[in-house]
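Take a look at the structure set out below.
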Amino acid sequence: MAEELRRLSIREAQQTPLARVLQEMTREGELYRRLDEHKVECFACGHRCVIFEGLSGICRVRFNRGGRLYVPWGYVGALQLDPIEKKPFFHAYPGARALSFGMLGCDLACPYCQNWRISQTLRDPVATRLADFTPITPEAFVQLALRSGARVLTSTYNEPLITSEWAVALFREGRRHGLVGSYVSNGNATPEVLDYIRPYVDLYKVDLKSMREKGYRLLGGRLQTVLDTLRWAHDRGFWVEVVTLVVPGFNDDEAELRDAASYIAGVSPFIPWHLTAFHSDYRMLDTPSTPAATLLRAARIGQEQGLRYVYVGNLPGQVGRYENTYCHGCGALLVERRGFRVLRNRLASTAGTCPDCGTRIPGVWG
Ligand code: SF4
């Protein structure tokens with residue numbers, strides 16, 4: 001699939017008015033190097049596309065014009081004020097609002113993508129027809145966040161890595177006003193892009209979609225890159241949480257879930273692991289939704305592998321204790337949730353220390 005996508009050129013994309021307009025919403029990128037007069041290598045994501053003049057990378061939104069790499073700039077393709085629990089981050093600023101934006105395009109092509117209308121722009125003709133965007137400046141974006149009472153800015157909905165120059169522009173402005181930057185990412189990163197965003201991004205969610213190379217090939221990625229990203233991000237001091245959308249027949253096999261939990265625990269047993277329910281979407285309309293019993297089984301596997309914080313999402317009220325945070329020291333209930341709502345936060349007045357036993361709870365509690 002990667003090769004097939006690579007062959008699509010920016011000239012084909014120019015057939016659509018949207019693509020023509022988007023080419024104007026760009027500026028020269030920073031996450032690339034020139035290989036020669038006509039050829040560049042992009043390292044904004046793990047594909048590391050080598051792009052010849054007149055062509056675009058796999059994501060379709062970064063392209064070589066005149067021997068330089070041009071990247072998306074100056075717009076948002078989706079904009080929403082979300083609770084931070086929706087990202088999901090459960091160990092970072094509970095109850096905070098996150099002004100969340102997406103751009104257009106993606107470096108993977110997941111057949112069950114829930115944001116395919118923006119992520120598959122310039123690749124899927126239906127998505128391209130439906131896509132829309134709003135021009136905005138970093139100053140206006142941050143003023144909007146402040147007026148909305150947001151504490152956090154989040155690049156999400158499509159893959160943030162591929163538009164990292166623009167995210168850094170927004171987050172740099174946000175930081176001047178005390179706002180926290182965050183990524184909701186598929187984890188197809190490079191060390192270079194993580195170093196580039198680290199000064200402005202504190203929270204990093206990695207979507208671990210499968211533990212099988214075959215699974216990642218289907219999506220257009222590579223397993224090892226995502227596993228490496230998880231470790232790189234943790235080692236660089238991002239606050240990392242991991243999500244696995246459990247899709248029946250794709251990654252709900254017990255051995256695969258065990259491998260995922262074991263890998264995460266090997267990086268750190270204190271990384272929260274969110275197991276979320278799949279609902280039919282995009283090209284997987286015939287696949288049934290994930291039953292609660294499957295997610296509860298997966299959660300128990302996570303705990304057996306040593307993970308201290310395992311959560312089950314997308315099924316509010318159906319998963320018992322797996323929506324809440326309990327102290328890994330004494331088992332006390334610390335944060336009580338229902339779906340994305342925080343009902344009680346006992347860490348609010350202790351800055352992240354268990355009020356019953358004094359254990360420091362991993363996370364960023366504000
Ligand atoms: S962001 Fe990734 S997919 Fe897009 S051009 Fe760069 S390396 Fe290729």
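Ordering of the structure tokens sets the chain letters (A, B, ...); residue numbers start at 1 within each chain; ligands are numbered from 1 in the order shown.
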
Inset, instruction - Please write out the residues within 10 Å of ligand 1 as a ChimeraX atom specification, counting only C-alpha atoms and all ligand atoms. - result: /A:2,5-6,29,31-32,40-51,55-64,69-71,105-108,159-164,188-190,193

Legend entry - Which of region 14-195 of chain A DSSP labels alpha helix (DSSP H), written as number ranges by chain: A: 17-24, 116-119, 125-130, 138-147, 164-176, 191-195

Inset, instruction - Using backbone DSSP assignments, extract all strand (DSSP E) residues from region 163-344 of chain A; output them as a PyMOL selection string. - result: chain A and resi 180-185+203-207+239-246+273-277+310-313+325-326+333-338+341-344

Inset, instruction - Select, from A:Ser289, A:Thr350, A:Thr26, A:Gln305, the residue with the minimum atom-to-atom distance to Ile264 (chain A), counting only C-alpha atoms. - result: A:Gln305

Inset, instruction - Tell me which protein, DNA and RNA residues are within 10 Å of Asn158 (chain A), counting only C-alpha atoms, leaving out same-chain ones fewer than 3 positions away, and put them as a PyMOL selection string. - result: chain A and resi 77-78+101-108+113-121+155+161-163+184-186

With N, CA, C and O atoms retained, write the just-selected residues as an mmCIF file, in the first residue's frame.
```cif
data_model
loop_
_atom_site.group_PDB
_atom_site.id
_atom_site.type_symbol
_atom_site.label_atom_id
_atom_site.label_comp_id
_atom_site.auth_asym_id
_atom_site.auth_seq_id
_atom_site.Cartn_x
_atom_site.Cartn_y
_atom_site.Cartn_z
ATOM 1 N N GLY A 77 -8.556 21.998 9.888
ATOM 2 C CA GLY A 77 -9.567 21.240 9.150
ATOM 3 C C GLY A 77 -10.714 20.808 10.055
ATOM 4 O O GLY A 77 -11.770 20.395 9.584
ATOM 5 N N ALA A 78 -10.515 20.862 11.338
ATOM 6 C CA ALA A 78 -11.551 20.552 12.327
ATOM 7 C C ALA A 78 -11.151 21.260 13.599
ATOM 8 O O ALA A 78 -9.952 21.434 13.873
ATOM 9 N N PHE A 101 -7.603 20.540 17.453
ATOM 10 C CA PHE A 101 -7.699 20.839 16.022
ATOM 11 C C PHE A 101 -7.130 19.689 15.209
ATOM 12 O O PHE A 101 -6.273 18.937 15.678
ATOM 13 N N GLY A 102 -7.639 19.551 14.008
ATOM 14 C CA GLY A 102 -7.060 18.623 13.048
ATOM 15 C C GLY A 102 -6.728 19.398 11.793
ATOM 16 O O GLY A 102 -7.212 20.510 11.592
ATOM 17 N N MET A 103 -5.878 18.813 10.964
ATOM 18 C CA MET A 103 -5.654 19.409 9.644
ATOM 19 C C MET A 103 -6.167 18.394 8.630
ATOM 20 O O MET A 103 -7.091 17.633 8.933
ATOM 21 N N LEU A 104 -5.607 18.347 7.451
ATOM 22 C CA LEU A 104 -6.090 17.397 6.451
ATOM 23 C C LEU A 104 -4.967 16.438 6.097
ATOM 24 O O LEU A 104 -3.797 16.821 6.081
ATOM 25 N N GLY A 105 -5.346 15.170 5.828
ATOM 26 C CA GLY A 105 -4.365 14.184 5.399
ATOM 27 C C GLY A 105 -3.893 13.303 6.539
ATOM 28 O O GLY A 105 -4.118 13.589 7.720
ATOM 29 N N CYS A 106 -3.239 12.200 6.169
ATOM 30 C CA CYS A 106 -2.706 11.263 7.154
ATOM 31 C C CYS A 106 -1.626 10.422 6.485
ATOM 32 O O CYS A 106 -1.596 10.294 5.259
ATOM 33 N N ASP A 107 -0.752 9.855 7.316
ATOM 34 C CA ASP A 107 0.298 8.999 6.763
ATOM 35 C C ASP A 107 -0.086 7.523 6.798
ATOM 36 O O ASP A 107 0.646 6.686 6.277
ATOM 37 N N LEU A 108 -1.230 7.197 7.411
ATOM 38 C CA LEU A 108 -1.750 5.825 7.359
ATOM 39 C C LEU A 108 -3.108 5.850 6.665
ATOM 40 O O LEU A 108 -3.667 6.915 6.410
ATOM 41 N N CYS A 113 -11.010 4.086 10.134
ATOM 42 C CA CYS A 113 -10.762 5.435 10.668
ATOM 43 C C CYS A 113 -12.072 6.150 10.992
ATOM 44 O O CYS A 113 -12.998 6.189 10.177
ATOM 45 N N GLN A 114 -12.136 6.727 12.186
ATOM 46 C CA GLN A 114 -13.348 7.432 12.588
ATOM 47 C C GLN A 114 -13.291 8.902 12.184
ATOM 48 O O GLN A 114 -14.266 9.618 12.339
ATOM 49 N N ASN A 115 -12.157 9.335 11.683
ATOM 50 C CA ASN A 115 -12.029 10.719 11.215
ATOM 51 C C ASN A 115 -11.650 10.744 9.735
ATOM 52 O O ASN A 115 -10.927 11.632 9.292
ATOM 53 N N TRP A 116 -12.134 9.770 8.981
ATOM 54 C CA TRP A 116 -11.670 9.603 7.603
ATOM 55 C C TRP A 116 -12.017 10.799 6.725
ATOM 56 O O TRP A 116 -11.331 11.069 5.743
ATOM 57 N N ARG A 117 -13.032 11.563 7.101
ATOM 58 C CA ARG A 117 -13.425 12.698 6.249
ATOM 59 C C ARG A 117 -12.291 13.724 6.156
ATOM 60 O O ARG A 117 -12.149 14.414 5.161
ATOM 61 N N ILE A 118 -11.511 13.845 7.239
ATOM 62 C CA ILE A 118 -10.363 14.759 7.132
ATOM 63 C C ILE A 118 -9.045 14.015 6.916
ATOM 64 O O ILE A 118 -8.164 14.501 6.236
ATOM 65 N N SER A 119 -8.942 12.816 7.490
ATOM 66 C CA SER A 119 -7.642 12.139 7.402
ATOM 67 C C SER A 119 -7.365 11.613 5.995
ATOM 68 O O SER A 119 -6.211 11.536 5.575
ATOM 69 N N GLN A 120 -8.395 11.246 5.264
ATOM 70 C CA GLN A 120 -8.159 10.634 3.955
ATOM 71 C C GLN A 120 -8.328 11.621 2.799
ATOM 72 O O GLN A 120 -8.439 11.226 1.632
ATOM 73 N N THR A 121 -8.330 12.903 3.119
ATOM 74 C CA THR A 121 -8.403 13.941 2.083
ATOM 75 C C THR A 121 -7.240 13.798 1.098
ATOM 76 O O THR A 121 -6.125 13.483 1.500
ATOM 77 N N SER A 155 -3.317 18.618 19.043
ATOM 78 C CA SER A 155 -3.337 18.302 17.616
ATOM 79 C C SER A 155 -3.846 16.866 17.493
ATOM 80 O O SER A 155 -3.217 15.928 17.995
ATOM 81 N N LEU A 161 1.803 14.358 13.423
ATOM 82 C CA LEU A 161 3.219 14.391 13.043
ATOM 83 C C LEU A 161 3.426 15.046 11.689
ATOM 84 O O LEU A 161 4.413 15.763 11.487
ATOM 85 N N ILE A 162 2.504 14.814 10.762
ATOM 86 C CA ILE A 162 2.712 15.266 9.387
ATOM 87 C C ILE A 162 2.539 16.782 9.236
ATOM 88 O O ILE A 162 2.844 17.341 8.191
ATOM 89 N N THR A 163 2.023 17.422 10.287
ATOM 90 C CA THR A 163 1.867 18.884 10.251
ATOM 91 C C THR A 163 2.549 19.489 11.484
ATOM 92 O O THR A 163 2.052 20.454 12.070
ATOM 93 N N VAL A 184 -2.139 13.669 19.755
ATOM 94 C CA VAL A 184 -2.866 12.396 19.731
ATOM 95 C C VAL A 184 -2.432 11.714 18.433
ATOM 96 O O VAL A 184 -2.913 12.060 17.356
ATOM 97 N N SER A 185 -1.507 10.777 18.551
ATOM 98 C CA SER A 185 -0.734 10.355 17.380
ATOM 99 C C SER A 185 -0.783 8.850 17.151
ATOM 100 O O SER A 185 -0.949 8.077 18.090
ATOM 101 N N ASN A 186 -0.576 8.465 15.894
ATOM 102 C CA ASN A 186 -0.505 7.030 15.595
ATOM 103 C C ASN A 186 0.881 6.449 15.922
ATOM 104 O O ASN A 186 1.098 5.253 15.765
#
```

Legend entry - Computed interatomic separation between CA of Gly249 (chain A) and CA of Leu223 (chain A) (Å): 17.9 Å

Inset, instruction - Go through A:Gly306, A:Gly320, A:Pro83, A:Pro111 one by one, measure the shortest atom-to-atom distance of each to Arg217 (chain A) using only C-alpha atoms, and give the residue with the smallest value. - result: A:Pro111

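One finds CA of Leu227 (chain A) at 26.6 Å from CA of Pro291 (chain A).
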
Inset, instruction - Tell me which protein, DNA and RNA residues are within 10 Å of Arg360 (chain A), counting only C-alpha atoms, leaving out same-chain ones fewer than 3 positions away, and put them as a PyMOL selection string. - result: chain A and resi 327-329+350-355+357+363

Legend entry - Point-to-point distance from CA of Leu295 (chain A) to CA of Trp273 (chain A), Å rounded to tenths: 11.8 Å
